[in-house]
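Data file: structure-v2.pdb. Format and content: PDB, C-alpha atoms, pLDDT in the B column.
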```
ATOM      1  CA  MET A   1      51.167 404.229 204.207  1.00 81.00           C
ATOM      2  CA  LEU A   2      51.158 400.517 205.055  1.00 87.00           C
ATOM      3  CA  ILE A   3      53.095 399.670 201.888  1.00 89.00           C
ATOM      4  CA  LYS A   4      55.601 402.411 202.733  1.00 88.00           C
ATOM      5  CA  ALA A   5      56.059 400.972 206.228  1.00 89.00           C
ATOM      6  CA  ILE A   6      56.525 397.451 204.843  1.00 92.00           C
ATOM      7  CA  GLY A   7      59.078 398.804 202.329  1.00 90.00           C
ATOM      8  CA  ALA A   8      60.951 400.603 205.102  1.00 90.00           C
ATOM      9  CA  PHE A   9      60.936 397.421 207.165  1.00 91.00           C
ATOM     10  CA  ILE A  10      62.339 395.390 204.265  1.00 93.00           C
ATOM     11  CA  VAL A  11      65.053 397.979 203.532  1.00 92.00           C
ATOM     12  CA  PHE A  12      66.085 398.125 207.180  1.00 92.00           C
ATOM     13  CA  PHE A  13      66.276 394.357 207.595  1.00 93.00           C
ATOM     14  CA  SER A  14      68.106 393.908 204.275  1.00 94.00           C
ATOM     15  CA  CYS A  15      70.756 396.415 205.334  1.00 93.00           C
ATOM     16  CA  ALA A  16      71.103 394.817 208.766  1.00 93.00           C
ATOM     17  CA  ALA A  17      71.403 391.363 207.147  1.00 94.00           C
ATOM     18  CA  CYS A  18      74.067 392.660 204.713  1.00 93.00           C
ATOM     19  CA  GLY A  19      76.048 394.063 207.648  1.00 91.00           C
ATOM     20  CA  LEU A  20      75.748 390.780 209.512  1.00 91.00           C
ATOM     21  CA  TYR A  21      76.818 388.774 206.442  1.00 91.00           C
ATOM     22  CA  LEU A  22      79.862 391.006 205.880  1.00 89.00           C
ATOM     23  CA  SER A  23      80.818 390.685 209.540  1.00 88.00           C
ATOM     24  CA  LEU A  24      80.632 386.883 209.337  1.00 87.00           C
ATOM     25  CA  LYS A  25      82.247 386.448 205.899  1.00 86.00           C
ATOM     26  CA  ASP A  26      85.832 386.552 207.185  1.00 84.00           C
ATOM     27  CA  ARG A  27      85.014 384.095 209.945  1.00 86.00           C
ATOM     28  CA  PHE A  28      83.469 381.669 207.445  1.00 87.00           C
ATOM     29  CA  ARG A  29      86.593 381.954 205.276  1.00 87.00           C
ATOM     30  CA  ALA A  30      88.840 381.287 208.277  1.00 87.00           C
ATOM     31  CA  GLU A  31      86.758 378.228 209.201  1.00 87.00           C
ATOM     32  CA  GLU A  32      86.937 376.911 205.644  1.00 87.00           C
ATOM     33  CA  LEU A  33      90.708 377.455 205.571  1.00 88.00           C
ATOM     34  CA  LYS A  34      91.035 375.527 208.838  1.00 89.00           C
ATOM     35  CA  GLU A  35      88.973 372.688 207.361  1.00 88.00           C
ATOM     36  CA  MET A  36      91.250 372.676 204.310  1.00 87.00           C
ATOM     37  CA  LYS A  37      94.246 372.561 206.664  1.00 89.00           C
ATOM     38  CA  ARG A  38      92.733 369.528 208.368  1.00 89.00           C
ATOM     39  CA  GLY A  39      92.245 367.858 204.992  1.00 88.00           C
ATOM     40  CA  LEU A  40      95.800 368.639 203.924  1.00 87.00           C
ATOM     41  CA  MET A  41      97.205 367.298 207.172  1.00 88.00           C
ATOM     42  CA  LEU A  42      95.293 364.071 206.631  1.00 88.00           C
ATOM     43  CA  LEU A  43      96.642 363.962 203.071  1.00 85.00           C
ATOM     44  CA  LYS A  44     100.138 364.547 204.407  1.00 84.00           C
ATOM     45  CA  SER A  45      99.863 361.624 206.805  1.00 85.00           C
ATOM     46  CA  SER A  46      98.393 359.449 204.035  1.00 83.00           C
ATOM     47  CA  ILE A  47     101.312 360.254 201.755  1.00 80.00           C
ATOM     48  CA  GLY A  48     103.843 359.733 204.558  1.00 77.00           C
ATOM     49  CA  TYR A  49     102.559 356.600 206.238  1.00 81.00           C
ATOM     50  CA  SER A  50     100.212 354.696 203.947  1.00 77.00           C
ATOM     51  CA  SER A  51     100.614 353.218 200.507  1.00 73.00           C
ATOM     52  CA  LYS A  52      97.101 353.952 199.305  1.00 77.00           C
ATOM     53  CA  PRO A  53      96.604 355.387 195.824  1.00 80.00           C
ATOM     54  CA  LEU A  54      96.018 359.136 195.849  1.00 79.00           C
ATOM     55  CA  TYR A  55      92.374 358.943 194.705  1.00 81.00           C
ATOM     56  CA  GLU A  56      91.547 356.516 197.508  1.00 83.00           C
ATOM     57  CA  ALA A  57      93.294 358.720 200.064  1.00 83.00           C
ATOM     58  CA  MET A  58      91.324 361.743 198.810  1.00 83.00           C
ATOM     59  CA  ILE A  59      87.978 359.924 199.029  1.00 86.00           C
ATOM     60  CA  ASP A  60      88.888 358.811 202.573  1.00 85.00           C
ATOM     61  CA  ILE A  61      89.750 362.409 203.509  1.00 86.00           C
ATOM     62  CA  SER A  62      86.429 363.635 202.095  1.00 85.00           C
ATOM     63  CA  GLU A  63      84.671 361.391 204.628  1.00 86.00           C
ATOM     64  CA  LYS A  64      86.642 362.912 207.486  1.00 85.00           C
ATOM     65  CA  THR A  65      86.224 366.562 206.478  1.00 84.00           C
ATOM     66  CA  GLU A  66      83.111 368.708 206.223  1.00 83.00           C
ATOM     67  CA  ASN A  67      81.269 371.057 203.863  1.00 82.00           C
ATOM     68  CA  THR A  68      82.799 372.235 200.602  1.00 84.00           C
ATOM     69  CA  VAL A  69      86.300 371.034 201.480  1.00 84.00           C
ATOM     70  CA  SER A  70      84.931 367.515 201.716  1.00 87.00           C
ATOM     71  CA  GLU A  71      83.308 367.941 198.289  1.00 87.00           C
ATOM     72  CA  ILE A  72      86.601 369.214 196.814  1.00 86.00           C
ATOM     73  CA  PHE A  73      88.508 366.154 198.016  1.00 85.00           C
ATOM     74  CA  GLU A  74      85.712 363.803 196.976  1.00 87.00           C
ATOM     75  CA  ASP A  75      85.347 365.249 193.471  1.00 86.00           C
ATOM     76  CA  THR A  76      89.106 365.232 192.904  1.00 86.00           C
ATOM     77  CA  GLY A  77      89.298 361.620 194.094  1.00 85.00           C
ATOM     78  CA  ARG A  78      86.430 360.586 191.822  1.00 85.00           C
ATOM     79  CA  LEU A  79      87.903 362.401 188.815  1.00 84.00           C
ATOM     80  CA  LEU A  80      91.206 360.614 189.369  1.00 82.00           C
ATOM     81  CA  LYS A  81      89.528 357.270 189.902  1.00 82.00           C
ATOM     82  CA  ALA A  82      87.488 357.604 186.710  1.00 82.00           C
ATOM     83  CA  ARG A  83      90.646 358.798 184.882  1.00 79.00           C
ATOM     84  CA  LYS A  84      88.803 361.864 183.630  1.00 78.00           C
ATOM     85  CA  ALA A  85      91.819 364.074 184.243  1.00 76.00           C
ATOM     86  CA  SER A  86      95.300 363.709 182.816  1.00 77.00           C
ATOM     87  CA  SER A  87      97.031 364.717 186.049  1.00 79.00           C
ATOM     88  CA  VAL A  88      96.341 365.343 189.735  1.00 79.00           C
ATOM     89  CA  GLY A  89      96.912 369.054 189.164  1.00 80.00           C
ATOM     90  CA  GLU A  90      94.285 369.192 186.434  1.00 82.00           C
ATOM     91  CA  ALA A  91      91.689 367.295 188.509  1.00 83.00           C
ATOM     92  CA  TRP A  92      92.342 369.469 191.574  1.00 83.00           C
ATOM     93  CA  ARG A  93      92.216 372.719 189.579  1.00 83.00           C
ATOM     94  CA  LYS A  94      89.002 371.687 187.820  1.00 84.00           C
ATOM     95  CA  THR A  95      87.331 370.827 191.134  1.00 85.00           C
ATOM     96  CA  ILE A  96      88.511 374.020 192.800  1.00 83.00           C
ATOM     97  CA  SER A  97      87.234 376.180 189.927  1.00 82.00           C
ATOM     98  CA  ASP A  98      83.887 374.297 189.865  1.00 82.00           C
ATOM     99  CA  ARG A  99      83.403 374.744 193.609  1.00 80.00           C
ATOM    100  CA  ARG A 100      84.774 378.284 193.783  1.00 79.00           C
ATOM    101  CA  SER A 101      81.333 379.947 193.787  1.00 81.00           C
ATOM    102  CA  ARG A 102      80.228 377.824 196.738  1.00 83.00           C
ATOM    103  CA  THR A 103      83.225 378.554 198.933  1.00 84.00           C
ATOM    104  CA  TYR A 104      84.478 381.627 200.774  1.00 85.00           C
ATOM    105  CA  PHE A 105      88.008 381.161 199.359  1.00 83.00           C
ATOM    106  CA  THR A 106      89.469 384.192 197.617  1.00 83.00           C
ATOM    107  CA  LYS A 107      91.356 384.210 194.309  1.00 83.00           C
ATOM    108  CA  ASN A 108      94.686 384.118 196.187  1.00 82.00           C
ATOM    109  CA  ASP A 109      93.606 381.044 198.143  1.00 81.00           C
ATOM    110  CA  THR A 110      92.510 379.144 195.042  1.00 81.00           C
ATOM    111  CA  GLU A 111      95.727 380.107 193.228  1.00 81.00           C
ATOM    112  CA  MET A 112      97.755 378.800 196.167  1.00 80.00           C
ATOM    113  CA  PHE A 113      95.790 375.539 196.221  1.00 79.00           C
ATOM    114  CA  SER A 114      96.127 375.148 192.442  1.00 78.00           C
ATOM    115  CA  ALA A 115      99.884 375.713 192.550  1.00 78.00           C
ATOM    116  CA  PHE A 116     100.172 373.134 195.306  1.00 76.00           C
ATOM    117  CA  ALA A 117      98.438 370.450 193.223  1.00 76.00           C
ATOM    118  CA  ASP A 118     100.955 370.682 190.381  1.00 74.00           C
ATOM    119  CA  ILE A 119     103.582 368.974 192.524  1.00 72.00           C
ATOM    120  CA  LEU A 120     101.122 366.510 194.059  1.00 74.00           C
ATOM    121  CA  GLY A 121     101.419 363.009 192.686  1.00 66.00           C
ATOM    122  CA  GLY A 122     104.433 363.855 190.563  1.00 64.00           C
ATOM    123  CA  ASP A 123     107.530 363.928 192.757  1.00 61.00           C
ATOM    124  CA  ASP A 124     108.789 361.887 195.670  1.00 73.00           C
ATOM    125  CA  SER A 125     106.809 361.796 198.913  1.00 74.00           C
ATOM    126  CA  LYS A 126     109.266 364.045 200.813  1.00 78.00           C
ATOM    127  CA  CYS A 127     108.867 366.791 198.240  1.00 79.00           C
ATOM    128  CA  GLN A 128     105.071 366.441 198.357  1.00 78.00           C
ATOM    129  CA  ILE A 129     105.048 366.641 202.152  1.00 81.00           C
ATOM    130  CA  GLU A 130     107.178 369.795 202.065  1.00 82.00           C
ATOM    131  CA  ASN A 131     104.793 371.234 199.522  1.00 80.00           C
ATOM    132  CA  ILE A 132     101.803 370.477 201.764  1.00 83.00           C
ATOM    133  CA  ASP A 133     103.671 372.065 204.698  1.00 86.00           C
ATOM    134  CA  SER A 134     104.129 375.285 202.744  1.00 85.00           C
ATOM    135  CA  VAL A 135     100.370 375.416 201.984  1.00 85.00           C
ATOM    136  CA  ILE A 136      99.608 374.745 205.664  1.00 88.00           C
ATOM    137  CA  ASP A 137     101.910 377.634 206.615  1.00 89.00           C
ATOM    138  CA  TYR A 138     100.029 379.874 204.206  1.00 87.00           C
ATOM    139  CA  ILE A 139      96.700 378.775 205.719  1.00 88.00           C
ATOM    140  CA  ASP A 140      97.945 379.394 209.281  1.00 88.00           C
ATOM    141  CA  LYS A 141      99.130 382.865 208.377  1.00 89.00           C
ATOM    142  CA  LYS A 142      95.897 383.744 206.559  1.00 86.00           C
ATOM    143  CA  ALA A 143      93.659 382.328 209.308  1.00 86.00           C
ATOM    144  CA  GLU A 144      95.485 384.344 211.961  1.00 87.00           C
ATOM    145  CA  GLU A 145      95.301 387.472 209.819  1.00 85.00           C
ATOM    146  CA  LEU A 146      91.584 386.916 209.198  1.00 85.00           C
ATOM    147  CA  MET A 147      90.784 386.433 212.878  1.00 85.00           C
ATOM    148  CA  ARG A 148      92.622 389.647 213.725  1.00 85.00           C
ATOM    149  CA  LYS A 149      90.793 391.493 210.943  1.00 83.00           C
ATOM    150  CA  ASN A 150      87.479 389.962 211.971  1.00 84.00           C
ATOM    151  CA  ASN A 151      87.855 391.097 215.589  1.00 82.00           C
ATOM    152  CA  LYS A 152      88.416 394.627 214.351  1.00 80.00           C
ATOM    153  CA  ASP A 153      85.821 394.804 211.576  1.00 84.00           C
ATOM    154  CA  ALA A 154      82.922 392.598 212.746  1.00 85.00           C
ATOM    155  CA  ARG A 155      81.416 395.210 215.063  1.00 85.00           C
ATOM    156  CA  LEU A 156      81.928 397.932 212.478  1.00 87.00           C
ATOM    157  CA  PHE A 157      80.027 396.031 209.757  1.00 89.00           C
ATOM    158  CA  ARG A 158      77.169 395.136 212.092  1.00 89.00           C
ATOM    159  CA  SER A 159      76.765 398.725 213.317  1.00 88.00           C
ATOM    160  CA  ALA A 160      77.193 400.181 209.839  1.00 88.00           C
ATOM    161  CA  GLY A 161      74.542 397.816 208.453  1.00 91.00           C
ATOM    162  CA  VAL A 162      71.949 398.726 211.065  1.00 91.00           C
ATOM    163  CA  LEU A 163      72.725 402.467 211.024  1.00 90.00           C
ATOM    164  CA  GLY A 164      72.873 402.546 207.212  1.00 90.00           C
ATOM    165  CA  GLY A 165      69.453 400.846 207.103  1.00 91.00           C
ATOM    166  CA  ILE A 166      67.923 403.407 209.461  1.00 90.00           C
ATOM    167  CA  LEU A 167      69.569 406.228 207.496  1.00 88.00           C
ATOM    168  CA  ILE A 168      68.109 405.032 204.177  1.00 90.00           C
ATOM    169  CA  VAL A 169      64.680 404.644 205.773  1.00 89.00           C
ATOM    170  CA  VAL A 170      64.843 408.178 207.214  1.00 85.00           C
ATOM    171  CA  VAL A 171      66.032 409.652 203.909  1.00 84.00           C
ATOM    172  CA  LEU A 172      63.447 407.859 201.758  1.00 84.00           C
ATOM    173  CA  PHE A 173      60.432 407.775 204.116  1.00 78.00           C
TER     174      PHE A 173
ATOM    175  CA  MET B   1      57.088 424.689 205.742  1.00 68.00           C
ATOM    176  CA  ASP B   2      56.580 421.122 206.841  1.00 80.00           C
ATOM    177  CA  ILE B   3      57.777 420.546 210.428  1.00 85.00           C
ATOM    178  CA  ASN B   4      58.701 416.953 209.545  1.00 86.00           C
ATOM    179  CA  ILE B   5      61.782 418.173 207.708  1.00 89.00           C
ATOM    180  CA  VAL B   6      63.260 419.402 211.003  1.00 91.00           C
ATOM    181  CA  PHE B   7      62.894 415.984 212.612  1.00 90.00           C
ATOM    182  CA  ARG B   8      64.287 414.268 209.512  1.00 90.00           C
ATOM    183  CA  ILE B   9      67.345 416.524 209.529  1.00 92.00           C
ATOM    184  CA  ALA B  10      67.821 415.822 213.242  1.00 92.00           C
ATOM    185  CA  ALA B  11      67.559 412.064 212.648  1.00 91.00           C
ATOM    186  CA  VAL B  12      70.076 412.191 209.801  1.00 91.00           C
ATOM    187  CA  GLY B  13      72.406 414.298 211.961  1.00 93.00           C
ATOM    188  CA  ILE B  14      72.292 411.818 214.832  1.00 93.00           C
ATOM    189  CA  LEU B  15      72.751 408.777 212.589  1.00 92.00           C
ATOM    190  CA  VAL B  16      75.597 410.328 210.620  1.00 93.00           C
ATOM    191  CA  ALA B  17      77.320 411.360 213.855  1.00 93.00           C
ATOM    192  CA  VAL B  18      77.089 407.810 215.278  1.00 92.00           C
ATOM    193  CA  LEU B  19      78.212 406.257 211.975  1.00 91.00           C
ATOM    194  CA  ASN B  20      81.099 408.713 211.852  1.00 92.00           C
ATOM    195  CA  GLN B  21      82.204 407.708 215.373  1.00 91.00           C
ATOM    196  CA  VAL B  22      81.950 403.985 214.567  1.00 88.00           C
ATOM    197  CA  LEU B  23      84.064 404.429 211.425  1.00 90.00           C
ATOM    198  CA  VAL B  24      86.656 406.629 213.154  1.00 90.00           C
ATOM    199  CA  ARG B  25      87.048 404.083 215.981  1.00 87.00           C
ATOM    200  CA  ALA B  26      87.627 401.366 213.358  1.00 84.00           C
ATOM    201  CA  GLY B  27      90.408 403.455 211.812  1.00 85.00           C
ATOM    202  CA  ARG B  28      88.475 404.222 208.632  1.00 87.00           C
ATOM    203  CA  ASP B  29      88.797 407.983 208.656  1.00 90.00           C
ATOM    204  CA  ASP B  30      88.298 408.357 204.905  1.00 91.00           C
ATOM    205  CA  GLN B  31      84.978 406.556 204.903  1.00 91.00           C
ATOM    206  CA  ALA B  32      83.919 408.516 208.001  1.00 92.00           C
ATOM    207  CA  MET B  33      84.549 411.760 206.146  1.00 93.00           C
ATOM    208  CA  LEU B  34      82.680 410.511 203.079  1.00 94.00           C
ATOM    209  CA  THR B  35      79.682 409.524 205.231  1.00 92.00           C
ATOM    210  CA  THR B  36      79.590 412.958 206.834  1.00 93.00           C
ATOM    211  CA  LEU B  37      79.820 414.570 203.406  1.00 94.00           C
ATOM    212  CA  ALA B  38      77.002 412.364 202.077  1.00 92.00           C
ATOM    213  CA  GLY B  39      74.820 413.330 205.057  1.00 92.00           C
ATOM    214  CA  LEU B  40      75.558 417.000 204.449  1.00 93.00           C
ATOM    215  CA  ILE B  41      74.706 416.727 200.746  1.00 94.00           C
ATOM    216  CA  VAL B  42      71.413 414.942 201.476  1.00 91.00           C
ATOM    217  CA  VAL B  43      70.384 417.570 204.023  1.00 93.00           C
ATOM    218  CA  LEU B  44      71.427 420.417 201.692  1.00 94.00           C
ATOM    219  CA  TYR B  45      69.368 418.818 198.902  1.00 93.00           C
ATOM    220  CA  TRP B  46      66.338 418.872 201.211  1.00 91.00           C
ATOM    221  CA  ILE B  47      66.723 422.464 202.345  1.00 93.00           C
ATOM    222  CA  ILE B  48      67.975 424.082 199.137  1.00 94.00           C
ATOM    223  CA  GLY B  49      64.377 424.910 198.148  1.00 92.00           C
ATOM    224  CA  TYR B  50      63.719 426.600 201.488  1.00 91.00           C
ATOM    225  CA  ILE B  51      66.963 428.595 201.280  1.00 93.00           C
ATOM    226  CA  SER B  52      66.031 429.803 197.798  1.00 93.00           C
ATOM    227  CA  GLU B  53      62.577 430.733 199.108  1.00 92.00           C
ATOM    228  CA  LEU B  54      64.218 432.641 201.995  1.00 92.00           C
ATOM    229  CA  PHE B  55      66.429 434.613 199.586  1.00 93.00           C
ATOM    230  CA  GLY B  56      63.397 435.415 197.444  1.00 92.00           C
ATOM    231  CA  THR B  57      61.494 436.668 200.490  1.00 92.00           C
ATOM    232  CA  ILE B  58      64.444 438.863 201.584  1.00 92.00           C
ATOM    233  CA  GLN B  59      64.738 440.258 198.060  1.00 91.00           C
ATOM    234  CA  THR B  60      61.067 441.204 197.964  1.00 91.00           C
ATOM    235  CA  LEU B  61      61.374 442.742 201.459  1.00 88.00           C
ATOM    236  CA  PHE B  62      64.002 445.241 200.248  1.00 87.00           C
ATOM    237  CA  ARG B  63      62.363 445.919 196.881  1.00 78.00           C
ATOM    238  CA  PHE B  64      60.166 448.994 197.244  1.00 66.00           C
TER     239      PHE B  64
END
```
Show how you would write the structure in this file as structure tokens.
Amino acid sequence: MLIKAIGAFIVFFSCAACGLYLSLKDRFRAEELKEMKRGLMLLKSSIGYSSKPLYEAMIDISEKTENTVSEIFEDTGRLLKARKASSVGEAWRKTISDRRSRTYFTKNDTEMFSAFADILGGDDSKCQIENIDSVIDYIDKKAEELMRKNNKDARLFRSAGVLGGILIVVVLF
Amino acid sequence: MDINIVFRIAAVGILVAVLNQVLVRAGRDDQAMLTTLAGLIVVLYWIIGYISELFGTIQTLFRF
């Protein structure tokens, strides 16, 4: 009986935790996108107003940003500095795909970021800045969409997690 | 017949009803319907034995 009760307890809390995680997932993604936007804006100002090499600018940005976004900028900067990648696009793509499992970015996000890096470092600064602006627009749109979706779905996932947990316990107990 | 089954069916009914309302309010009518259907199937699975027993009893009642 005691083991059954412990099992029921574990099932209930697992379901509630799953619901809570699902309700927070979109918010985490929105926060990460905003951090990436911050990094890109810093990169934009570096390209526009300073004459630093790109790898140095990226390492500087990694110090000003947080979490995985900081790691993405740092790794790309280090890869470029060590000349382990043939182009900026390759270094950026490699870092993004390495860090993908540790971020909340979706496939669409990573594809957008990868496409952006192809132009980075190759063309004139005006073209690069326009390219960064288009990625920032994408981030703004996605972040707004996510916040709207999160407001609608967060309560649903939390309630569904708790109720689903109780339901499974009742059915199996 | 175990009386516990009555309380379990009541609990499932209440939970499925609340879950259904939560899903409908969130605009997920399809999932709400699926949840209700799942609840119904679970409860039917529990009581199918008793229903069969009831039919057997009625059959023996009219067999002289």
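Picked by the PyMOL selection byres ((chain A) within 9 of (chain B)) from the coordinates shown: Lys152, Asp153, Arg155, Leu156, Ser159, Ala160, Leu163, Gly164, Ile166, Leu167, Val170 and Val171 of chain A.
For the atom pair formed by atom CA of B:Tyr50 and atom CA of B:Asp2, the distance is 10.5 Å, given to one decimal.
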Would you compute the distance between atom CA of A:Glu56 and atom CA of A:Ala117? Give it in Å to one decimal.
16.1 Å
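Straight-line separation from atom CA of A:Gly19 to atom CA of A:Asn108: 24.0 Å.
If all atoms listed in the file are the atoms counted, then among A:Asn151, A:Ser101, A:Thr95, A:Ser87 the closest residue to A:Glu74 is A:Thr95.
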Check what the PyMOL selection byres ((chain A and resi 81) around 10) selects in the file above and give those residues as a PDB file with C-alpha atoms, keeping the file's coordinate frame.
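Below you can see selection-v6.pdb, which holds the result:
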```pdb
ATOM      1  CA  PRO A  53      96.604 355.387 195.824  1.00 80.00           C
ATOM      2  CA  LEU A  54      96.018 359.136 195.849  1.00 79.00           C
ATOM      3  CA  TYR A  55      92.374 358.943 194.705  1.00 81.00           C
ATOM      4  CA  GLU A  56      91.547 356.516 197.508  1.00 83.00           C
ATOM      5  CA  ILE A  59      87.978 359.924 199.029  1.00 86.00           C
ATOM      6  CA  ASP A  75      85.347 365.249 193.471  1.00 86.00           C
ATOM      7  CA  THR A  76      89.106 365.232 192.904  1.00 86.00           C
ATOM      8  CA  GLY A  77      89.298 361.620 194.094  1.00 85.00           C
ATOM      9  CA  ARG A  78      86.430 360.586 191.822  1.00 85.00           C
ATOM     10  CA  LEU A  79      87.903 362.401 188.815  1.00 84.00           C
ATOM     11  CA  LEU A  80      91.206 360.614 189.369  1.00 82.00           C
ATOM     12  CA  ALA A  82      87.488 357.604 186.710  1.00 82.00           C
ATOM     13  CA  ARG A  83      90.646 358.798 184.882  1.00 79.00           C
ATOM     14  CA  LYS A  84      88.803 361.864 183.630  1.00 78.00           C
ATOM     15  CA  ALA A  85      91.819 364.074 184.243  1.00 76.00           C
TER      16      ALA A  85
END
```
Padding 3 Å on every side, please: axis-aligned box over the listed atoms of stretch 29-46 of chain B, centre and edge lengths to one decimal in Å, as JSON.
```
{"center_x": 77.6, "center_y": 413.5, "center_z": 203.8, "size_x": 28.5, "size_y": 19.9, "size_z": 15.8}
```
Residues matched by the PyMOL selection byres ((chain A and resi 70) around 12) as a PyMOL selection string:
chain A and resi 32+35-40+42+58-69+71-77+95-96+99+103
With N, CA and C atoms as the goal, would you fill in the gaps in stretch 66-90 of chain A and present it as a JSON list (two decimals), in the frame of the given file?
```json
[["chain", "number", "residue", "atom", "x", "y", "z"],
["A", 66, "GLU", "N", 84.50, 368.24, 206.33],
["A", 66, "GLU", "CA", 83.11, 368.71, 206.22],
["A", 66, "GLU", "C", 82.94, 369.73, 205.11],
["A", 67, "ASN", "N", 81.69, 370.00, 204.80],
["A", 67, "ASN", "CA", 81.27, 371.06, 203.86],
["A", 67, "ASN", "C", 81.94, 370.99, 202.49],
["A", 68, "THR", "N", 82.28, 372.17, 201.98],
["A", 68, "THR", "CA", 82.80, 372.24, 200.60],
["A", 68, "THR", "C", 84.17, 371.58, 200.47],
["A", 69, "VAL", "N", 84.96, 371.65, 201.53],
["A", 69, "VAL", "CA", 86.30, 371.03, 201.48],
["A", 69, "VAL", "C", 86.17, 369.53, 201.24],
["A", 70, "SER", "N", 85.19, 368.94, 201.91],
["A", 70, "SER", "CA", 84.93, 367.52, 201.72],
["A", 70, "SER", "C", 84.56, 367.24, 200.26],
["A", 71, "GLU", "N", 83.72, 368.12, 199.69],
["A", 71, "GLU", "CA", 83.31, 367.94, 198.29],
["A", 71, "GLU", "C", 84.51, 368.08, 197.35],
["A", 72, "ILE", "N", 85.42, 369.01, 197.67],
["A", 72, "ILE", "CA", 86.60, 369.21, 196.81],
["A", 72, "ILE", "C", 87.44, 367.94, 196.78],
["A", 73, "PHE", "N", 87.70, 367.38, 197.96],
["A", 73, "PHE", "CA", 88.51, 366.15, 198.02],
["A", 73, "PHE", "C", 87.78, 364.99, 197.33],
["A", 74, "GLU", "N", 86.48, 364.91, 197.56],
["A", 74, "GLU", "CA", 85.71, 363.80, 196.98],
["A", 74, "GLU", "C", 85.70, 363.89, 195.45],
["A", 75, "ASP", "N", 85.41, 365.08, 194.93],
["A", 75, "ASP", "CA", 85.35, 365.25, 193.47],
["A", 75, "ASP", "C", 86.70, 364.97, 192.83],
["A", 76, "THR", "N", 87.77, 365.47, 193.47],
["A", 76, "THR", "CA", 89.11, 365.23, 192.90],
["A", 76, "THR", "C", 89.40, 363.73, 192.90],
["A", 77, "GLY", "N", 89.08, 363.07, 194.00],
["A", 77, "GLY", "CA", 89.30, 361.62, 194.09],
["A", 77, "GLY", "C", 88.53, 360.87, 193.02],
["A", 78, "ARG", "N", 87.27, 361.28, 192.82],
["A", 78, "ARG", "CA", 86.43, 360.59, 191.82],
["A", 78, "ARG", "C", 86.93, 360.84, 190.40],
["A", 79, "LEU", "N", 87.36, 362.09, 190.15],
["A", 79, "LEU", "CA", 87.90, 362.40, 188.82],
["A", 79, "LEU", "C", 89.14, 361.55, 188.52],
["A", 80, "LEU", "N", 89.98, 361.40, 189.55],
["A", 80, "LEU", "CA", 91.21, 360.61, 189.37],
["A", 80, "LEU", "C", 90.88, 359.14, 189.20],
["A", 81, "LYS", "N", 89.90, 358.68, 189.96],
["A", 81, "LYS", "CA", 89.53, 357.27, 189.90],
["A", 81, "LYS", "C", 88.94, 356.93, 188.52],
["A", 82, "ALA", "N", 88.11, 357.84, 188.02],
["A", 82, "ALA", "CA", 87.49, 357.60, 186.71],
["A", 82, "ALA", "C", 88.43, 357.94, 185.56],
["A", 83, "ARG", "N", 89.63, 358.39, 185.88],
["A", 83, "ARG", "CA", 90.65, 358.80, 184.88],
["A", 83, "ARG", "C", 90.11, 359.86, 183.91],
["A", 84, "LYS", "N", 89.35, 360.80, 184.47],
["A", 84, "LYS", "CA", 88.80, 361.86, 183.63],
["A", 84, "LYS", "C", 89.74, 363.06, 183.55],
["A", 85, "ALA", "N", 90.83, 362.99, 184.30],
["A", 85, "ALA", "CA", 91.82, 364.07, 184.24],
["A", 85, "ALA", "C", 93.19, 363.47, 183.95],
["A", 86, "SER", "N", 93.99, 364.25, 183.22],
["A", 86, "SER", "CA", 95.30, 363.71, 182.82],
["A", 86, "SER", "C", 96.32, 363.75, 183.96],
["A", 87, "SER", "N", 96.11, 364.65, 184.91],
["A", 87, "SER", "CA", 97.03, 364.72, 186.05],
["A", 87, "SER", "C", 96.28, 365.11, 187.32],
["A", 88, "VAL", "N", 96.97, 364.96, 188.44],
["A", 88, "VAL", "CA", 96.34, 365.34, 189.74],
["A", 88, "VAL", "C", 96.07, 366.84, 189.73],
["A", 89, "GLY", "N", 97.04, 367.59, 189.21],
["A", 89, "GLY", "CA", 96.91, 369.05, 189.16],
["A", 89, "GLY", "C", 95.67, 369.47, 188.40],
["A", 90, "GLU", "N", 95.44, 368.82, 187.26],
["A", 90, "GLU", "CA", 94.28, 369.19, 186.43],
["A", 90, "GLU", "C", 92.98, 368.89, 187.18]]
```
